[in-house]
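Coordinates from model-v1.cif are shown below (mmCIF, C-alpha atoms).
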```
data_model
#
loop_
_atom_site.label_atom_id
_atom_site.label_comp_id
_atom_site.auth_asym_id
_atom_site.auth_seq_id
_atom_site.Cartn_x
_atom_site.Cartn_y
_atom_site.Cartn_z
CA MET Q 1 87.63 119.64 107.92
CA SER Q 2 85.49 116.56 108.64
CA ASP Q 3 86.70 113.79 110.92
CA HIS Q 4 86.14 111.29 108.09
CA ILE Q 5 88.46 113.00 105.62
CA HIS Q 6 91.00 114.01 108.25
CA ALA Q 7 91.23 110.40 109.40
CA GLN Q 8 91.78 109.21 105.86
CA LEU Q 9 94.63 111.59 105.25
CA SER Q 10 96.13 110.54 108.57
CA GLY Q 11 96.07 106.87 107.50
CA ILE Q 12 93.38 105.71 109.97
CA ARG Q 13 90.60 103.40 108.81
CA VAL Q 14 87.20 105.04 108.85
CA SER Q 15 84.09 104.74 106.74
CA THR Q 16 81.22 106.80 105.42
CA THR Q 17 77.78 105.75 104.24
CA ARG Q 18 77.35 108.78 102.00
CA VAL Q 19 80.14 108.22 99.51
CA GLY Q 20 80.97 104.58 100.05
CA THR Q 21 84.48 103.48 100.89
CA LEU Q 22 86.13 106.79 100.16
CA VAL Q 23 88.58 106.52 103.04
CA VAL Q 24 91.16 103.77 103.32
CA ALA Q 25 93.64 102.37 105.76
CA GLY Q 26 97.37 102.43 106.18
CA ALA Q 27 99.37 102.96 103.02
CA GLU Q 28 96.43 102.60 100.63
CA PRO Q 29 96.06 105.66 98.40
CA ILE Q 30 93.07 107.94 98.07
CA ARG Q 31 91.45 106.89 94.81
CA PHE Q 32 89.53 109.10 92.41
CA ASP Q 33 89.01 109.83 88.72
CA VAL Q 34 89.67 113.16 87.03
CA PHE Q 35 87.95 113.86 83.73
CA PHE Q 36 90.16 116.16 81.69
CA ASP Q 37 90.88 117.89 78.41
CA TYR Q 38 94.42 119.00 77.56
CA GLN Q 39 93.05 122.33 76.34
CA CYS Q 40 91.83 123.31 79.81
CA PRO Q 41 94.11 125.49 82.00
CA TYR Q 42 92.22 124.39 85.11
CA VAL Q 43 93.18 120.79 84.37
CA TYR Q 44 96.82 121.89 84.37
CA ARG Q 45 96.36 123.63 87.73
CA ALA Q 46 94.67 120.56 89.17
CA SER Q 47 97.54 118.37 87.96
CA LEU Q 48 100.04 120.65 89.71
CA LEU Q 49 98.03 120.39 92.92
CA ILE Q 50 97.98 116.59 92.68
CA ASP Q 51 101.72 116.45 91.99
CA GLU Q 52 102.46 118.72 94.96
CA VAL Q 53 100.24 116.67 97.29
CA ARG Q 54 102.16 113.58 96.27
CA ARG Q 55 105.48 115.33 96.87
CA GLU Q 56 104.30 116.11 100.36
CA GLY Q 57 103.85 112.42 101.06
CA ARG Q 58 100.18 111.72 100.34
CA GLU Q 59 99.39 108.62 98.30
CA LEU Q 60 96.93 109.34 95.51
CA ASP Q 61 95.67 106.85 92.95
CA VAL Q 62 94.39 109.06 90.13
CA ARG Q 63 92.74 107.71 87.02
CA TRP Q 64 92.79 110.38 84.32
CA ARG Q 65 89.76 109.99 82.04
CA TYR Q 66 89.05 111.73 78.77
CA PHE Q 67 86.40 114.42 78.31
CA SER Q 68 86.33 116.50 75.14
CA LEU Q 69 85.45 120.17 75.52
CA THR Q 70 85.20 120.41 71.75
CA GLN Q 71 82.55 117.69 71.79
CA VAL Q 72 80.51 119.08 74.68
CA ASN Q 73 80.48 122.53 73.07
CA SER Q 74 79.57 121.29 69.60
CA LYS Q 75 76.22 122.48 68.20
CA ASP Q 76 76.31 119.93 65.37
CA ASP Q 77 73.94 117.09 66.27
CA GLY Q 78 75.35 113.73 65.28
CA TRP Q 79 78.92 114.96 64.87
CA THR Q 80 81.56 113.57 67.23
CA VAL Q 81 85.20 114.30 67.85
CA TRP Q 82 86.09 110.62 67.65
CA ASP Q 83 84.22 109.84 64.42
CA ALA Q 84 85.08 113.01 62.50
CA PRO Q 85 87.23 112.35 59.39
CA ARG Q 86 90.94 112.26 60.13
CA GLY Q 87 91.57 115.07 57.68
CA GLU Q 88 89.16 117.38 59.48
CA PRO Q 89 90.82 119.76 61.97
CA VAL Q 90 89.38 118.94 65.42
CA LYS Q 91 90.55 120.91 68.45
CA GLY Q 92 92.15 118.69 71.07
CA ARG Q 93 91.73 115.36 69.27
CA LEU Q 94 95.42 114.71 68.58
CA ALA Q 95 96.40 115.18 72.23
CA PHE Q 96 93.79 112.62 73.33
CA ALA Q 97 95.11 110.16 70.77
CA ALA Q 98 98.66 110.79 71.97
CA GLY Q 99 97.67 110.16 75.57
CA GLU Q 100 96.05 106.87 74.65
CA ALA Q 101 99.06 105.85 72.55
CA ALA Q 102 101.27 106.51 75.57
CA ARG Q 103 98.91 104.45 77.74
CA ARG Q 104 99.50 101.50 75.40
CA GLN Q 105 103.20 101.79 76.24
CA HIS Q 106 102.45 102.08 79.97
CA ARG Q 107 103.88 105.60 79.90
CA PHE Q 108 100.70 107.63 80.17
CA ASP Q 109 101.74 109.59 83.26
CA GLU Q 110 104.99 110.72 81.67
CA LEU Q 111 103.38 111.99 78.49
CA HIS Q 112 100.29 113.34 80.25
CA ARG Q 113 102.39 115.62 82.43
CA ALA Q 114 104.60 116.63 79.50
CA LEU Q 115 101.63 117.52 77.28
CA LEU Q 116 100.06 119.69 79.99
CA ILE Q 117 103.34 121.52 80.52
CA ALA Q 118 103.83 121.96 76.78
CA ARG Q 119 100.38 123.49 76.37
CA HIS Q 120 100.01 125.62 79.49
CA SER Q 121 103.57 126.50 80.47
CA ASP Q 122 105.38 126.49 77.14
CA ARG Q 123 102.27 127.67 75.22
CA LEU Q 124 102.74 125.11 72.46
CA GLU Q 125 99.93 124.05 70.14
CA LEU Q 126 98.98 120.42 70.74
CA ASP Q 127 97.06 120.18 67.48
CA GLU Q 128 100.38 120.32 65.61
CA PRO Q 129 101.74 116.79 64.97
CA GLU Q 130 105.37 117.90 65.11
CA VAL Q 131 104.81 119.43 68.57
CA VAL Q 132 103.17 116.29 69.94
CA GLU Q 133 105.84 114.04 68.44
CA SER Q 134 108.60 116.18 69.95
CA VAL Q 135 106.96 116.05 73.38
CA ALA Q 136 106.48 112.29 73.10
CA ALA Q 137 110.11 111.73 72.12
CA GLN Q 138 111.33 113.83 75.04
CA ALA Q 139 109.04 111.82 77.35
CA GLY Q 140 110.88 108.67 76.31
CA LEU Q 141 108.23 106.93 74.22
CA ASP Q 142 109.02 104.38 71.54
CA MET Q 143 108.36 106.68 68.60
CA GLU Q 144 107.87 103.99 65.96
CA ARG Q 145 105.17 102.35 68.05
CA PHE Q 146 103.75 105.76 69.01
CA LYS Q 147 103.21 106.74 65.38
CA THR Q 148 101.74 103.33 64.57
CA ASP Q 149 99.27 103.60 67.43
CA LEU Q 150 98.29 107.15 66.46
CA ALA Q 151 97.28 105.78 63.06
CA ASP Q 152 95.18 102.99 64.61
CA PRO Q 153 91.48 103.65 63.84
CA SER Q 154 90.57 102.45 67.36
CA ILE Q 155 92.88 104.89 69.17
CA LEU Q 156 89.96 107.19 70.07
CA ASP Q 157 87.66 104.43 71.35
CA SER Q 158 88.61 105.19 74.95
CA LEU Q 159 87.86 108.88 74.43
CA ALA Q 160 84.42 108.00 73.09
CA ALA Q 161 83.70 105.61 75.97
CA ASP Q 162 84.92 107.98 78.69
CA HIS Q 163 83.12 111.00 77.27
CA ARG Q 164 79.82 109.19 76.80
CA HIS Q 165 79.99 107.74 80.31
CA ALA Q 166 80.80 111.17 81.73
CA VAL Q 167 77.81 112.81 80.04
CA THR Q 168 75.15 110.11 80.15
CA VAL Q 169 75.93 108.49 83.50
CA LEU Q 170 77.70 111.13 85.59
CA GLY Q 171 76.25 114.32 84.15
CA ILE Q 172 79.68 115.90 83.71
CA PHE Q 173 79.76 119.17 81.78
CA GLY Q 174 83.32 120.50 82.11
CA THR Q 175 86.89 119.91 83.19
CA PRO Q 176 88.43 119.10 85.51
CA THR Q 177 85.75 117.03 87.23
CA PHE Q 178 86.81 114.89 90.19
CA VAL Q 179 84.83 111.69 90.79
CA PHE Q 180 85.42 109.96 94.12
CA GLU Q 181 84.76 106.40 95.19
CA GLY Q 182 81.06 106.02 95.87
CA GLY Q 183 80.06 108.50 93.19
CA ALA Q 184 80.52 111.93 94.76
CA SER Q 185 81.85 114.33 92.15
CA ALA Q 186 82.79 117.98 91.68
CA TYR Q 187 83.83 120.31 88.89
CA VAL Q 188 86.81 122.22 90.29
CA ARG Q 189 88.51 125.40 89.09
CA LEU Q 190 91.62 126.52 90.96
CA SER Q 191 92.60 130.17 90.70
CA ALA Q 192 96.32 129.38 90.80
CA PRO Q 193 98.62 126.45 91.61
CA ALA Q 194 98.89 125.84 95.34
CA GLU Q 195 102.09 127.11 96.89
CA ALA Q 196 104.59 124.58 98.17
CA GLY Q 197 103.58 123.55 101.66
CA GLY Q 198 99.94 124.55 101.18
CA SER Q 199 98.80 121.94 98.70
CA VAL Q 200 97.69 119.36 101.25
CA GLU Q 201 95.50 121.91 103.01
CA VAL Q 202 93.87 122.87 99.70
CA PHE Q 203 93.36 119.21 98.80
CA GLU Q 204 91.87 118.40 102.22
CA ARG Q 205 89.37 121.23 101.81
CA LEU Q 206 88.49 119.98 98.34
CA LEU Q 207 87.82 116.51 99.74
CA ALA Q 208 85.82 117.86 102.67
CA VAL Q 209 83.41 119.73 100.40
CA ALA Q 210 83.42 117.70 97.17
CA ALA Q 211 83.47 114.20 98.60
CA GLU Q 212 82.12 114.52 102.13
CA GLU Q 213 79.37 117.14 101.98
CA PRO Q 214 76.70 116.21 99.40
CA ARG Q 215 74.35 119.00 100.53
CA ILE Q 216 76.61 121.63 98.95
CA LEU Q 217 75.69 121.49 95.26
CA GLU Q 218 77.52 124.54 93.95
CA ILE Q 219 79.83 127.31 95.10
CA LYS Q 220 80.53 130.13 92.68
CA ARG Q 221 82.41 133.33 93.41
CA PRO Q 222 81.00 136.53 91.91
CA ARG Q 223 83.35 138.52 89.70
CA LYS Q 224 83.50 142.20 90.54
CA PRO Q 225 82.91 144.49 87.55
CA VAL Q 226 86.04 146.04 86.10
CA SER Q 227 85.93 149.78 86.70
#
```
Exercise: express the given structure as structure tokens:
Amino acid sequence: MSDHIHAQLSGIRVSTTRVGTLVVAGAEPIRFDVFFDYQCPYVYRASLLIDEVRREGRELDVRWRYFSLTQVNSKDDGWTVWDAPRGEPVKGRLAFAAGEAARRQHRFDELHRALLIARHSDRLELDEPEVVESVAAQAGLDMERFKTDLADPSILDSLAADHRHAVTVLGIFGTPTFVFEGGASAYVRLSAPAEAGGSVEVFERLLAVAAEEPRILEIKRPRKPVS
């Protein structure tokens, strides 16, 4: 664990020239973006880690940004998730629209968490309108406004902007990708949610490697053949 990251998590002001002002003082939170797709189980695991770190008293300022796995895996040049006809079935598009509709009501966090649980814990299909509407209602959204916003032709503009920025500027290829202040970034896959009491340690190690050590470009564990 580097002294820079340890000091940040302890609330002491320090600085680093490699990733800018990653570390902050006092009660200021650790700020970073996470590019995500609701389809991705590793996004769900990352969200559980972030929630647990917060429960253990760490202040995190997380900006969840859209990244479409359907788009990045598409082989159809010129086709986009956000411009495809509304009647065309597009994996993951409805959940992105729902998240943005919730953001317009300042209730993104509530619906974001609920959608991830619905997909990865309850195994519900987020491409089904009735499922998404049920989750939104249970999350306390104004349903009349929610449905109106879902029908807004501009509801996917943020998805388009985030995804294009991720690909063309940041070089992101998958989810979840953490982007820290100063530009350091890492694609992270957790094997399982961190156990209660161990989440801060896992998060500190993530910061130490992903945000503080730019010389490590990739770590990948080999998978042993199944006998």
*Could you tell me how far atom CA of Ala166 of chain Q lies from atom CA of Phe67 of chain Q, in Å and to one decimal?*
7.3 Å
Axis-aligned box for segment 53-62 of chain Q, 3 Å per side, centre and edges in Å as JSON:
```
{"center_x": 99.9, "center_y": 111.8, "center_z": 95.6, "size_x": 17.1, "size_y": 15.8, "size_z": 16.9}
```
*So which one's closest to Val34 of chain Q, Q:Ala186, Q:Val131, Q:Val90, Q:Ala97? Using all atoms listed in the file, please.*
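Answer, going by the shortest atom-to-atom distance: Q:Ala186.
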_Minimum-distance residue to Pro214 of chain Q, chosen among Q:Ala98, Q:Ala160, Q:Val200, Q:Ala184 (using all atoms listed in the file)_ =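 Residue with the minimum atom-to-atom distance to Pro214 of chain Q: Q:Ala184.
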*For this file, the PyMOL selection byres ((chain Q and resi 54) around 12) selects which residues, as a PyMOL selection string?*
chain Q and resi 9+29-30+47-53+55-62+196-197+199-200+203
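Separating atom CA of Arg93 of chain Q from atom CA of Gly183 of chain Q is a distance of 27.5 Å.
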*Leaving out Ala95 of chain Q and any residue of its chain fewer than 4 positions from it, which residues lie within 10 Å of it when counting all atoms listed in the file, given as a ChimeraX atom specification?*
/Q:37-39,91,99-101,111-112,115-116,125-129,132
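Put simply, atom CA of Gln138 of chain Q is 16.5 Å away from atom CA of Arg123 of chain Q.
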